[in-house]
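Dumped query-v4.cif below, it's mmCIF, C-alpha atoms:
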```cif
data_model
loop_
_atom_site.group_PDB
_atom_site.id
_atom_site.type_symbol
_atom_site.label_atom_id
_atom_site.label_comp_id
_atom_site.auth_asym_id
_atom_site.auth_seq_id
_atom_site.Cartn_x
_atom_site.Cartn_y
_atom_site.Cartn_z
ATOM 1 C CA MET A 1 -37.949 6.765 -4.626
ATOM 2 C CA LYS A 2 -36.168 3.394 -4.562
ATOM 3 C CA THR A 3 -35.563 3.583 -8.306
ATOM 4 C CA ARG A 4 -33.985 6.999 -7.957
ATOM 5 C CA THR A 5 -31.810 5.835 -5.085
ATOM 6 C CA ARG A 6 -30.578 2.861 -7.069
ATOM 7 C CA LEU A 7 -29.882 5.051 -10.089
ATOM 8 C CA GLN A 8 -27.945 7.540 -7.991
ATOM 9 C CA ALA A 9 -25.929 4.693 -6.455
ATOM 10 C CA ALA A 10 -25.205 3.246 -9.880
ATOM 11 C CA VAL A 11 -24.025 6.624 -11.160
ATOM 12 C CA ALA A 12 -21.835 7.130 -8.102
ATOM 13 C CA GLY A 13 -20.404 3.657 -8.430
ATOM 14 C CA PHE A 14 -19.626 4.235 -12.089
ATOM 15 C CA ALA A 15 -17.903 7.502 -11.205
ATOM 16 C CA LEU A 16 -15.670 5.646 -8.772
ATOM 17 C CA LEU A 17 -14.772 3.067 -11.381
ATOM 18 C CA VAL A 18 -13.868 5.896 -13.743
ATOM 19 C CA ALA A 19 -11.774 7.435 -10.972
ATOM 20 C CA LEU A 20 -9.748 4.275 -10.757
ATOM 21 C CA SER A 21 -9.006 4.096 -14.466
ATOM 22 C CA ALA A 22 -9.382 7.575 -15.951
ATOM 23 C CA CYS A 23 -6.540 9.378 -17.706
ATOM 24 C CA SER A 24 -4.857 12.013 -15.580
ATOM 25 C CA THR A 25 -2.273 14.704 -15.856
ATOM 26 C CA VAL A 26 0.534 15.064 -13.364
ATOM 27 C CA ASP A 27 -0.652 16.629 -10.109
ATOM 28 C CA SER A 28 1.005 19.717 -8.675
ATOM 29 C CA ASP A 29 3.172 17.496 -6.462
ATOM 30 C CA GLY A 30 4.144 15.345 -9.436
ATOM 31 C CA ALA A 31 2.377 12.400 -7.861
ATOM 32 C CA ALA A 32 0.131 11.017 -10.547
ATOM 33 C CA GLY A 33 1.066 9.074 -13.630
ATOM 34 C CA SER A 34 -0.900 9.112 -16.858
ATOM 35 C CA THR A 35 -3.053 6.087 -17.510
ATOM 36 C CA SER A 36 -2.691 6.609 -21.251
ATOM 37 C CA ASN A 37 1.110 6.354 -21.152
ATOM 38 C CA THR A 38 2.086 2.790 -22.051
ATOM 39 C CA ALA A 39 5.817 3.427 -22.442
ATOM 40 C CA ASP A 40 7.998 0.626 -21.086
ATOM 41 C CA ILE A 41 10.095 2.025 -18.230
ATOM 42 C CA SER A 42 12.596 -0.807 -18.731
ATOM 43 C CA GLU A 43 13.413 0.230 -22.287
ATOM 44 C CA GLY A 44 17.192 0.351 -22.639
ATOM 45 C CA VAL A 45 17.903 -1.273 -19.261
ATOM 46 C CA GLN A 46 20.761 -3.740 -19.543
ATOM 47 C CA PRO A 47 20.999 -7.140 -17.824
ATOM 48 C CA ASP A 48 22.780 -7.293 -14.475
ATOM 49 C CA ALA A 49 25.664 -9.725 -14.925
ATOM 50 C CA ALA A 50 25.657 -10.861 -11.291
ATOM 51 C CA ALA A 51 21.936 -11.634 -11.399
ATOM 52 C CA VAL A 52 22.186 -13.402 -14.768
ATOM 53 C CA ALA A 53 25.007 -15.578 -13.431
ATOM 54 C CA LEU A 54 22.603 -16.937 -10.794
ATOM 55 C CA LEU A 55 19.858 -17.737 -13.308
ATOM 56 C CA PRO A 56 19.183 -21.488 -13.747
ATOM 57 C CA ALA A 57 19.771 -22.792 -17.261
ATOM 58 C CA SER A 58 16.122 -23.806 -17.660
ATOM 59 C CA TYR A 59 15.036 -20.167 -17.340
ATOM 60 C CA LYS A 60 17.749 -18.974 -19.699
ATOM 61 C CA ASP A 61 16.603 -21.541 -22.249
ATOM 62 C CA LYS A 62 12.956 -20.526 -21.884
ATOM 63 C CA GLY A 63 13.851 -16.834 -22.181
ATOM 64 C CA GLU A 64 10.695 -15.601 -20.456
ATOM 65 C CA LEU A 65 9.166 -15.173 -17.004
ATOM 66 C CA THR A 66 5.436 -15.257 -16.286
ATOM 67 C CA VAL A 67 4.326 -12.872 -13.563
ATOM 68 C CA ALA A 68 0.881 -13.117 -11.950
ATOM 69 C CA MET A 69 -0.914 -9.876 -11.054
ATOM 70 C CA ASP A 70 -4.436 -8.811 -10.197
ATOM 71 C CA LEU A 71 -4.683 -5.825 -12.550
ATOM 72 C CA HIS A 72 -7.399 -3.930 -10.661
ATOM 73 C CA TYR A 73 -5.436 -1.878 -8.134
ATOM 74 C CA PRO A 74 -4.254 1.575 -9.273
ATOM 75 C CA PRO A 75 -1.768 3.110 -8.884
ATOM 76 C CA THR A 76 0.284 -0.016 -8.177
ATOM 77 C CA THR A 77 -1.208 -2.608 -10.565
ATOM 78 C CA PHE A 78 -3.799 -1.907 -13.270
ATOM 79 C CA LEU A 79 -4.573 -1.661 -16.977
ATOM 80 C CA ALA A 80 -3.925 1.402 -19.107
ATOM 81 C CA ASP A 81 -6.644 3.120 -21.108
ATOM 82 C CA ASP A 82 -6.045 0.638 -23.910
ATOM 83 C CA ASN A 83 -7.380 -2.067 -21.531
ATOM 84 C CA THR A 84 -4.417 -4.229 -22.519
ATOM 85 C CA THR A 85 -1.160 -2.818 -21.149
ATOM 86 C CA ALA A 86 -0.298 -3.467 -17.500
ATOM 87 C CA ILE A 87 0.847 -0.256 -15.801
ATOM 88 C CA GLY A 88 1.668 0.957 -12.298
ATOM 89 C CA LEU A 89 4.551 0.408 -9.901
ATOM 90 C CA ASN A 90 4.258 -3.384 -9.848
ATOM 91 C CA PRO A 91 4.314 -3.910 -13.632
ATOM 92 C CA ASP A 92 7.244 -1.474 -13.771
ATOM 93 C CA VAL A 93 9.125 -3.551 -11.192
ATOM 94 C CA ALA A 94 8.307 -6.811 -12.996
ATOM 95 C CA ARG A 95 9.567 -5.444 -16.314
ATOM 96 C CA LEU A 96 12.743 -4.149 -14.699
ATOM 97 C CA VAL A 97 13.398 -7.458 -12.936
ATOM 98 C CA ALA A 98 13.036 -9.343 -16.211
ATOM 99 C CA LYS A 99 15.415 -6.946 -17.981
ATOM 100 C CA LYS A 100 17.983 -7.325 -15.196
ATOM 101 C CA LEU A 101 17.833 -11.075 -15.861
ATOM 102 C CA GLY A 102 17.974 -10.666 -19.636
ATOM 103 C CA LEU A 103 14.511 -12.212 -20.034
ATOM 104 C CA LYS A 104 11.162 -11.258 -21.521
ATOM 105 C CA ILE A 105 8.113 -10.816 -19.276
ATOM 106 C CA LYS A 106 4.600 -12.180 -19.703
ATOM 107 C CA PHE A 107 1.725 -10.846 -17.569
ATOM 108 C CA ALA A 108 -1.041 -13.114 -16.291
ATOM 109 C CA ASN A 109 -4.061 -11.163 -15.014
ATOM 110 C CA THR A 110 -5.120 -13.259 -12.022
ATOM 111 C CA SER A 111 -7.436 -12.672 -9.065
ATOM 112 C CA PHE A 112 -5.419 -12.045 -5.918
ATOM 113 C CA ASP A 113 -6.626 -15.148 -4.069
ATOM 114 C CA ALA A 114 -5.685 -17.388 -7.029
ATOM 115 C CA ILE A 115 -2.074 -16.205 -7.295
ATOM 116 C CA ILE A 116 -0.524 -18.409 -4.609
ATOM 117 C CA PRO A 117 -2.221 -21.612 -5.844
ATOM 118 C CA GLY A 118 -1.023 -20.710 -9.341
ATOM 119 C CA ILE A 119 2.552 -20.286 -8.161
ATOM 120 C CA GLU A 120 2.381 -23.565 -6.212
ATOM 121 C CA GLY A 121 1.051 -25.246 -9.355
ATOM 122 C CA ASP A 122 3.913 -23.839 -11.463
ATOM 123 C CA ARG A 123 1.560 -21.818 -13.687
ATOM 124 C CA TYR A 124 3.390 -18.586 -12.774
ATOM 125 C CA ASP A 125 7.062 -17.962 -12.056
ATOM 126 C CA PHE A 126 6.490 -15.144 -9.575
ATOM 127 C CA THR A 127 4.182 -12.341 -8.514
ATOM 128 C CA ALA A 128 4.708 -8.635 -7.860
ATOM 129 C CA THR A 129 1.251 -7.622 -6.730
ATOM 130 C CA SER A 130 1.636 -5.827 -3.370
ATOM 131 C CA MET A 131 1.626 -9.105 -1.417
ATOM 132 C CA SER A 132 2.904 -8.826 2.151
ATOM 133 C CA PRO A 133 4.683 -11.657 3.961
ATOM 134 C CA THR A 134 2.664 -13.584 6.549
ATOM 135 C CA PRO A 135 3.581 -16.773 8.394
ATOM 136 C CA GLU A 136 1.089 -18.700 6.269
ATOM 137 C CA ARG A 137 2.432 -17.347 2.977
ATOM 138 C CA LEU A 138 6.025 -17.879 4.027
ATOM 139 C CA GLU A 139 5.315 -21.587 4.447
ATOM 140 C CA VAL A 140 4.887 -21.875 0.666
ATOM 141 C CA LEU A 141 6.599 -18.782 -0.787
ATOM 142 C CA ASP A 142 9.982 -17.083 -0.906
ATOM 143 C CA MET A 143 9.185 -13.356 -0.533
ATOM 144 C CA ILE A 144 11.572 -10.526 -1.437
ATOM 145 C CA ASP A 145 10.994 -6.935 -0.247
ATOM 146 C CA TYR A 146 10.529 -4.166 -2.820
ATOM 147 C CA PHE A 147 8.105 -1.566 -1.378
ATOM 148 C CA ASP A 148 6.710 -0.272 1.926
ATOM 149 C CA ALA A 149 2.975 0.461 1.766
ATOM 150 C CA GLY A 150 0.373 1.631 4.297
ATOM 151 C CA VAL A 151 -3.380 1.226 4.812
ATOM 152 C CA SER A 152 -6.187 3.730 5.349
ATOM 153 C CA VAL A 153 -9.961 3.928 5.628
ATOM 154 C CA ALA A 154 -12.088 5.578 2.940
ATOM 155 C CA ALA A 155 -15.505 6.932 3.890
ATOM 156 C CA ALA A 156 -18.240 8.410 1.740
ATOM 157 C CA ALA A 157 -17.484 11.996 0.660
ATOM 158 C CA GLY A 158 -17.492 14.328 3.627
ATOM 159 C CA ASN A 159 -17.459 11.375 6.041
ATOM 160 C CA PRO A 160 -21.177 11.671 6.964
ATOM 161 C CA LEU A 161 -20.946 8.834 9.518
ATOM 162 C CA GLY A 162 -18.096 10.550 11.326
ATOM 163 C CA LEU A 163 -15.786 7.569 10.996
ATOM 164 C CA SER A 164 -12.308 7.600 12.476
ATOM 165 C CA ASN A 165 -9.622 4.974 12.860
ATOM 166 C CA ASP A 166 -10.774 4.395 16.439
ATOM 167 C CA ASN A 167 -14.561 4.209 16.027
ATOM 168 C CA LEU A 168 -15.125 1.513 13.408
ATOM 169 C CA CYS A 169 -16.728 -0.855 15.949
ATOM 170 C CA GLY A 170 -19.920 -2.408 14.605
ATOM 171 C CA LYS A 171 -19.417 -0.802 11.173
ATOM 172 C CA ASN A 172 -19.456 -2.657 7.859
ATOM 173 C CA ILE A 173 -15.955 -2.152 6.480
ATOM 174 C CA ALA A 174 -15.011 -3.568 3.078
ATOM 175 C CA VAL A 175 -11.742 -5.443 2.561
ATOM 176 C CA THR A 176 -10.475 -7.275 -0.513
ATOM 177 C CA LYS A 177 -10.353 -11.060 -0.658
ATOM 178 C CA GLY A 178 -7.008 -12.597 0.255
ATOM 179 C CA SER A 179 -5.427 -9.285 1.297
ATOM 180 C CA ASN A 180 -3.554 -8.627 4.536
ATOM 181 C CA ALA A 181 -6.311 -6.157 5.350
ATOM 182 C CA GLN A 182 -8.771 -9.054 5.399
ATOM 183 C CA LEU A 183 -6.524 -11.717 6.895
ATOM 184 C CA LYS A 184 -4.560 -9.765 9.488
ATOM 185 C CA HIS A 185 -4.946 -6.010 9.845
ATOM 186 C CA LEU A 186 -8.719 -5.589 10.254
ATOM 187 C CA PRO A 187 -9.118 -8.528 12.684
ATOM 188 C CA ASN A 188 -6.261 -7.169 14.792
ATOM 189 C CA ILE A 189 -7.670 -3.639 14.834
ATOM 190 C CA SER A 190 -11.119 -4.983 15.672
ATOM 191 C CA GLU A 191 -9.687 -6.901 18.625
ATOM 192 C CA TRP A 192 -7.712 -4.092 20.273
ATOM 193 C CA THR A 193 -10.008 -1.130 19.504
ATOM 194 C CA CYS A 194 -13.383 -2.849 19.864
ATOM 195 C CA VAL A 195 -13.681 -6.364 21.286
ATOM 196 C CA SER A 196 -11.148 -5.860 24.083
ATOM 197 C CA GLN A 197 -13.054 -2.709 25.055
ATOM 198 C CA GLY A 198 -16.399 -4.487 25.231
ATOM 199 C CA LYS A 199 -17.603 -2.972 21.949
ATOM 200 C CA PRO A 200 -19.018 -4.723 18.862
ATOM 201 C CA ALA A 201 -16.432 -6.131 16.490
ATOM 202 C CA ILE A 202 -15.772 -4.473 13.149
ATOM 203 C CA ASN A 203 -17.782 -6.327 10.514
ATOM 204 C CA GLY A 204 -15.376 -7.033 7.668
ATOM 205 C CA ILE A 205 -17.151 -7.333 4.305
ATOM 206 C CA THR A 206 -14.945 -9.320 1.916
ATOM 207 C CA LEU A 207 -15.167 -8.241 -1.726
ATOM 208 C CA PRO A 208 -13.218 -9.347 -4.828
ATOM 209 C CA ASN A 209 -11.425 -6.050 -5.541
ATOM 210 C CA VAL A 210 -11.212 -2.408 -4.562
ATOM 211 C CA GLN A 211 -13.448 -1.210 -7.413
ATOM 212 C CA GLU A 212 -16.294 -3.335 -6.065
ATOM 213 C CA ALA A 213 -15.581 -2.089 -2.541
ATOM 214 C CA LEU A 214 -15.762 1.562 -3.588
ATOM 215 C CA THR A 215 -18.892 0.916 -5.627
ATOM 216 C CA GLN A 216 -20.574 -0.603 -2.582
ATOM 217 C CA LEU A 217 -19.431 2.385 -0.516
ATOM 218 C CA ALA A 218 -21.101 4.702 -3.038
ATOM 219 C CA SER A 219 -24.342 2.716 -2.837
ATOM 220 C CA LYS A 220 -24.175 2.706 0.996
ATOM 221 C CA ARG A 221 -23.984 -1.076 1.252
ATOM 222 C CA VAL A 222 -20.780 -0.675 3.296
ATOM 223 C CA ASP A 223 -19.772 2.112 5.665
ATOM 224 C CA GLY A 224 -16.112 2.310 4.698
ATOM 225 C CA VAL A 225 -13.287 0.707 2.740
ATOM 226 C CA PHE A 226 -10.053 -0.484 4.380
ATOM 227 C CA TYR A 227 -7.322 -0.657 1.763
ATOM 228 C CA ASP A 228 -3.884 0.470 0.607
ATOM 229 C CA THR A 229 -3.410 4.186 1.190
ATOM 230 C CA ALA A 230 -1.906 4.894 -2.227
ATOM 231 C CA ALA A 231 -4.870 3.406 -4.099
ATOM 232 C CA LEU A 232 -7.442 5.222 -1.979
ATOM 233 C CA VAL A 233 -5.654 8.564 -2.334
ATOM 234 C CA TRP A 234 -5.453 7.945 -6.099
ATOM 235 C CA ALA A 235 -9.229 7.481 -6.248
ATOM 236 C CA GLU A 236 -9.948 10.461 -3.978
ATOM 237 C CA LYS A 237 -7.845 12.845 -6.078
ATOM 238 C CA ARG A 238 -9.821 11.892 -9.175
ATOM 239 C CA GLN A 239 -13.260 11.912 -7.523
ATOM 240 C CA PRO A 240 -13.066 14.200 -4.455
ATOM 241 C CA ASN A 241 -16.859 14.348 -4.296
ATOM 242 C CA ALA A 242 -17.144 10.559 -4.056
ATOM 243 C CA ILE A 243 -14.890 9.511 -1.167
ATOM 244 C CA THR A 244 -12.901 10.949 1.728
ATOM 245 C CA VAL A 245 -9.726 9.182 2.845
ATOM 246 C CA LEU A 246 -9.314 9.414 6.605
ATOM 247 C CA THR A 247 -6.035 10.616 8.069
ATOM 248 C CA PRO A 248 -3.689 9.566 9.509
ATOM 249 C CA GLN A 249 -3.018 6.121 8.067
ATOM 250 C CA VAL A 250 -4.250 3.302 10.277
ATOM 251 C CA ASP A 251 -1.736 2.061 12.834
ATOM 252 C CA THR A 252 -2.048 -1.701 12.443
ATOM 253 C CA HIS A 253 0.821 -2.427 14.865
ATOM 254 C CA THR A 254 2.493 -4.302 11.998
ATOM 255 C CA GLU A 255 4.771 -3.417 9.085
ATOM 256 C CA HIS A 256 3.475 -2.981 5.550
ATOM 257 C CA ILE A 257 6.332 -4.302 3.438
ATOM 258 C CA VAL A 258 5.251 -5.828 0.124
ATOM 259 C CA THR A 259 7.212 -8.384 -1.792
ATOM 260 C CA VAL A 260 8.036 -10.151 -4.986
ATOM 261 C CA ALA A 261 7.037 -13.752 -4.277
ATOM 262 C CA LEU A 262 7.819 -17.112 -5.835
ATOM 263 C CA LYS A 263 7.604 -20.781 -4.929
ATOM 264 C CA LYS A 264 9.338 -21.766 -1.675
ATOM 265 C CA GLY A 265 12.850 -22.995 -2.352
ATOM 266 C CA SER A 266 12.637 -22.174 -6.054
ATOM 267 C CA PRO A 267 15.964 -22.410 -7.943
ATOM 268 C CA LEU A 268 15.002 -18.996 -9.336
ATOM 269 C CA THR A 269 15.072 -17.315 -5.910
ATOM 270 C CA PRO A 270 18.775 -16.285 -5.765
ATOM 271 C CA ALA A 271 18.668 -14.765 -9.255
ATOM 272 C CA LEU A 272 15.367 -13.012 -8.600
ATOM 273 C CA GLN A 273 16.616 -11.554 -5.323
ATOM 274 C CA ALA A 274 19.749 -10.246 -7.042
ATOM 275 C CA ALA A 275 17.644 -8.764 -9.838
ATOM 276 C CA VAL A 276 15.279 -7.051 -7.390
ATOM 277 C CA GLN A 277 18.262 -5.627 -5.492
ATOM 278 C CA SER A 278 19.638 -4.273 -8.753
ATOM 279 C CA VAL A 279 16.255 -2.706 -9.526
ATOM 280 C CA LEU A 280 16.050 -1.024 -6.115
ATOM 281 C CA HIS A 281 19.348 0.734 -6.826
ATOM 282 C CA SER A 282 18.290 1.862 -10.289
ATOM 283 C CA PRO A 283 17.097 5.297 -11.423
ATOM 284 C CA GLU A 284 14.151 3.590 -13.131
ATOM 285 C CA TYR A 285 12.821 2.366 -9.765
ATOM 286 C CA GLN A 286 12.964 5.903 -8.396
ATOM 287 C CA ALA A 287 11.298 7.217 -11.553
ATOM 288 C CA SER A 288 8.455 4.725 -11.195
ATOM 289 C CA LEU A 289 7.907 5.606 -7.543
ATOM 290 C CA SER A 290 7.776 9.280 -8.447
ATOM 291 C CA ASN A 291 5.505 8.732 -11.441
ATOM 292 C CA TRP A 292 2.873 6.895 -9.374
ATOM 293 C CA GLY A 293 3.085 9.110 -6.279
ATOM 294 C CA LEU A 294 4.725 6.413 -4.148
ATOM 295 C CA THR A 295 8.128 7.912 -3.353
ATOM 296 C CA ALA A 296 7.612 7.622 0.408
ATOM 297 C CA GLY A 297 7.362 3.845 0.086
ATOM 298 C CA GLY A 298 10.704 3.220 -1.591
ATOM 299 C CA VAL A 299 13.051 0.680 0.002
ATOM 300 C CA THR A 300 16.742 -0.038 -0.564
ATOM 301 C CA GLU A 301 17.166 -3.678 0.511
ATOM 302 C CA ALA A 302 15.723 -6.668 -1.342
ATOM 303 C CA LYS A 303 15.513 -8.738 1.833
ATOM 304 C CA LEU A 304 14.525 -12.388 1.499
ATOM 305 C CA ASN A 305 11.897 -13.183 4.119
#
```

I'd like the structure from this file rewritten - as structure tokens, please.
Amino acid sequence: MKTRTRLQAAVAGFALLVALSACSTVDSDGAAGSTSNTADISEGVQPDAAAVALLPASYKDKGELTVAMDLHYPPTTFLADDNTTAIGLNPDVARLVAKKLGLKIKFANTSFDAIIPGIEGDRYDFTATSMSPTPERLEVLDMIDYFDAGVSVAAAAGNPLGLSNDNLCGKNIAVTKGSNAQLKHLPNISEWTCVSQGKPAINGITLPNVQEALTQLASKRVDGVFYDTAALVWAEKRQPNAITVLTPQVDTHTEHIVTVALKKGSPLTPALQAAVQSVLHSPEYQASLSNWGLTAGGVTEAKLN
């Protein structure tokens, strides 16, 4: 019996991994991009003269920017079917930013929690990996708005435990290491919906990435997954018999802006902010949002936090 249970869990977990990387056609609402399409959305985009004028000479001489991303988070940041090409909204934005600056782009696949140390150590020029500004991050990073995300809870298919946004007390809820869900949102929700009401706290289970979280959900080692709405909906559409995304999105009492981030006080910051602003006004940005089903999260101001 145990062997069968483990086998079933392994199969379910594998199905979820496939859901996060499998090729898809465009959904009826035009929301899903194809994971086999490796076309460069920045092809033909010309440099923005105002942004280039702000670029320090050292970057012009180098001719290339290195961007750090954790390529495990569809539909915003992941690898195409060729297991080589970075695709999703965030790689699209990074490519467009580089083109606006007249530079080439180099991707560094890096675990989320290692990105900030890498930027501080000058191994990476910037990141565009759905990182939200927090007081702690803003002490060491300049962070420039480019997208407005949200968070939701995923339960096992059919929600057999009857989870809701308000009854997660005492449940084992997976979050990804270094994310705002782990550092800010889940602790806050636990405090005001559970602890302050005399109920058991939500037990946050920290895992390296969302694939591992969904695999553990399939094998019943966690009760739910607390993560970016877009990624969970992406997985649910491809494996509707594996997970159920709860609605509405979770009200975390905080905003969900995500940013391009680079070293605090970097001489690159003014040029990068101008390039991001140029991207936000471009048709390619709108096309990327539409392609990945993220139109509702588009923003128009590249605000420096």

> Quick one: of A:Ser132, A:Thr110, A:Gln239, A:Gln46, who's nearest to Ser278 in chain A, counting all atoms listed in the file?
Replying inline: A:Gln46

> Leaving out Thr244 in chain A and any residue of its chain fewer than 2 positions from it, which residues lie within 10 Å of it when counting only C-alpha atoms, given as a PyMOL selection string?
Replying inline: chain A and resi 153-160+224+232-233+235-237+239-242+246-247

>> Need the shell around Ala296 in chain A: protein/DNA/RNA residues with any atom at most 10 Å away, counting all atoms listed in the file. Skip same-chain ones fewer than 5 positions apart. Format as number ranges by chain?
In response: A: 147-149, 289-290

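Taking CA of Ser36 in chain A and CA of Thr259 in chain A as endpoints, the distance between them is 26.5 Å.
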
> Quick one: of A:Ala94, A:Val250, A:Cys194, A:Ile119, who's nearest to Ala275 in chain A, counting all atoms listed in the file?
Replying inline: A:Ala94

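Interatomic distance, CA of Ala261 in chain A to CA of Tyr146 in chain A: 10.3 Å.
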
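Taking CA of Asp125 in chain A as the reference point, CA of Gln211 in chain A is found at 26.9 Å.
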
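Nearest to Gly298 in chain A of all the residues A:Val151, A:Val93, A:Leu280, A:Ala53 is A:Leu280, counting only C-alpha atoms.
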
Apply the PyMOL selection byres ((chain A and resi 71-75) around 9) to the displayed file and report the matching residues as an mmCIF file with C-alpha atoms, in the frame of the given file.
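New file selection.cif:
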```cif
data_model
loop_
_atom_site.group_PDB
_atom_site.id
_atom_site.type_symbol
_atom_site.label_atom_id
_atom_site.label_comp_id
_atom_site.auth_asym_id
_atom_site.auth_seq_id
_atom_site.Cartn_x
_atom_site.Cartn_y
_atom_site.Cartn_z
ATOM 1 C CA LEU A 20 -9.748 4.275 -10.757
ATOM 2 C CA SER A 21 -9.006 4.096 -14.466
ATOM 3 C CA ALA A 32 0.131 11.017 -10.547
ATOM 4 C CA GLY A 33 1.066 9.074 -13.630
ATOM 5 C CA MET A 69 -0.914 -9.876 -11.054
ATOM 6 C CA ASP A 70 -4.436 -8.811 -10.197
ATOM 7 C CA THR A 76 0.284 -0.016 -8.177
ATOM 8 C CA THR A 77 -1.208 -2.608 -10.565
ATOM 9 C CA PHE A 78 -3.799 -1.907 -13.270
ATOM 10 C CA LEU A 79 -4.573 -1.661 -16.977
ATOM 11 C CA ALA A 86 -0.298 -3.467 -17.500
ATOM 12 C CA ILE A 87 0.847 -0.256 -15.801
ATOM 13 C CA GLY A 88 1.668 0.957 -12.298
ATOM 14 C CA LEU A 89 4.551 0.408 -9.901
ATOM 15 C CA ASN A 90 4.258 -3.384 -9.848
ATOM 16 C CA ALA A 108 -1.041 -13.114 -16.291
ATOM 17 C CA ASN A 109 -4.061 -11.163 -15.014
ATOM 18 C CA THR A 110 -5.120 -13.259 -12.022
ATOM 19 C CA SER A 111 -7.436 -12.672 -9.065
ATOM 20 C CA THR A 129 1.251 -7.622 -6.730
ATOM 21 C CA ASN A 209 -11.425 -6.050 -5.541
ATOM 22 C CA VAL A 210 -11.212 -2.408 -4.562
ATOM 23 C CA GLN A 211 -13.448 -1.210 -7.413
ATOM 24 C CA ALA A 230 -1.906 4.894 -2.227
ATOM 25 C CA ALA A 231 -4.870 3.406 -4.099
ATOM 26 C CA LEU A 232 -7.442 5.222 -1.979
ATOM 27 C CA TRP A 234 -5.453 7.945 -6.099
ATOM 28 C CA ALA A 235 -9.229 7.481 -6.248
ATOM 29 C CA TRP A 292 2.873 6.895 -9.374
ATOM 30 C CA GLY A 293 3.085 9.110 -6.279
ATOM 31 C CA LEU A 294 4.725 6.413 -4.148
#
```

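Remark: for Leu214 in chain A, the closest of the candidate residues A:Leu103, A:Asp92, A:Val175, A:Leu141 is A:Val175 (distances computed over only C-alpha atoms).
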
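Each of A:Ile202, A:Met143, A:Ala287, A:Leu268 was checked against Ser58 in chain A using only C-alpha atoms; the smallest atom-to-atom distance is that of A:Leu268.
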
> Counting all atoms listed in the file, what is within 12 Å of Gly170 in chain A, bar same-chain residues fewer than 2 positions away, as a PyMOL selection string?
Replying inline: chain A and resi 163+166-168+172-173+190-191+193-195+198-205+222-224

>> Give me the residues near Thr206 in chain A as a ChimeraX atom specification, where near means some atom within 7 Å (using only C-alpha atoms) and where sequence neighbours in that chain fewer than 3 positions away do not count.
In response: /A:174-177

What does range 116-126 of chain A look like written to a file with N, CA, C and O atoms, as a JSON list (two decimals), in the first residue's frame?
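What ended up in out-v1.json:
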```
[["chain", "number", "residue", "atom", "x", "y", "z"],
["A", 116, "ILE", "N", 20.52, 38.50, -4.66],
["A", 116, "ILE", "CA", 20.97, 39.73, -4.01],
["A", 116, "ILE", "C", 22.45, 39.66, -3.63],
["A", 116, "ILE", "O", 23.21, 40.60, -3.92],
["A", 117, "PRO", "N", 22.92, 38.58, -3.00],
["A", 117, "PRO", "CA", 24.37, 38.50, -2.74],
["A", 117, "PRO", "C", 25.20, 38.60, -4.02],
["A", 117, "PRO", "O", 26.28, 39.21, -4.01],
["A", 118, "GLY", "N", 24.70, 38.04, -5.11],
["A", 118, "GLY", "CA", 25.42, 38.13, -6.38],
["A", 118, "GLY", "C", 25.49, 39.53, -6.92],
["A", 118, "GLY", "O", 26.51, 39.96, -7.48],
["A", 119, "ILE", "N", 24.40, 40.29, -6.76],
["A", 119, "ILE", "CA", 24.40, 41.69, -7.18],
["A", 119, "ILE", "C", 25.33, 42.50, -6.30],
["A", 119, "ILE", "O", 26.12, 43.32, -6.78],
["A", 120, "GLU", "N", 25.28, 42.27, -4.98],
["A", 120, "GLU", "CA", 26.17, 42.99, -4.06],
["A", 120, "GLU", "C", 27.64, 42.68, -4.36],
["A", 120, "GLU", "O", 28.51, 43.54, -4.18],
["A", 121, "GLY", "N", 27.90, 41.45, -4.82],
["A", 121, "GLY", "CA", 29.26, 41.05, -5.13],
["A", 121, "GLY", "C", 29.68, 41.36, -6.56],
["A", 121, "GLY", "O", 30.74, 40.89, -7.01],
["A", 122, "ASP", "N", 28.84, 42.12, -7.27],
["A", 122, "ASP", "CA", 29.14, 42.57, -8.64],
["A", 122, "ASP", "C", 29.25, 41.42, -9.64],
["A", 122, "ASP", "O", 29.89, 41.56, -10.69],
["A", 123, "ARG", "N", 28.63, 40.28, -9.35],
["A", 123, "ARG", "CA", 28.61, 39.18, -10.31],
["A", 123, "ARG", "C", 27.52, 39.39, -11.36],
["A", 123, "ARG", "O", 27.62, 38.85, -12.46],
["A", 124, "TYR", "N", 26.47, 40.13, -10.99],
["A", 124, "TYR", "CA", 25.36, 40.41, -11.90],
["A", 124, "TYR", "C", 25.11, 41.92, -11.93],
["A", 124, "TYR", "O", 25.25, 42.60, -10.91],
["A", 125, "ASP", "N", 24.71, 42.42, -13.09],
["A", 125, "ASP", "CA", 24.41, 43.85, -13.20],
["A", 125, "ASP", "C", 23.04, 44.19, -12.65],
["A", 125, "ASP", "O", 22.85, 45.25, -12.05],
["A", 126, "PHE", "N", 22.06, 43.30, -12.86],
["A", 126, "PHE", "CA", 20.71, 43.56, -12.37],
["A", 126, "PHE", "C", 19.92, 42.26, -12.36],
["A", 126, "PHE", "O", 20.40, 41.22, -12.82]]
```
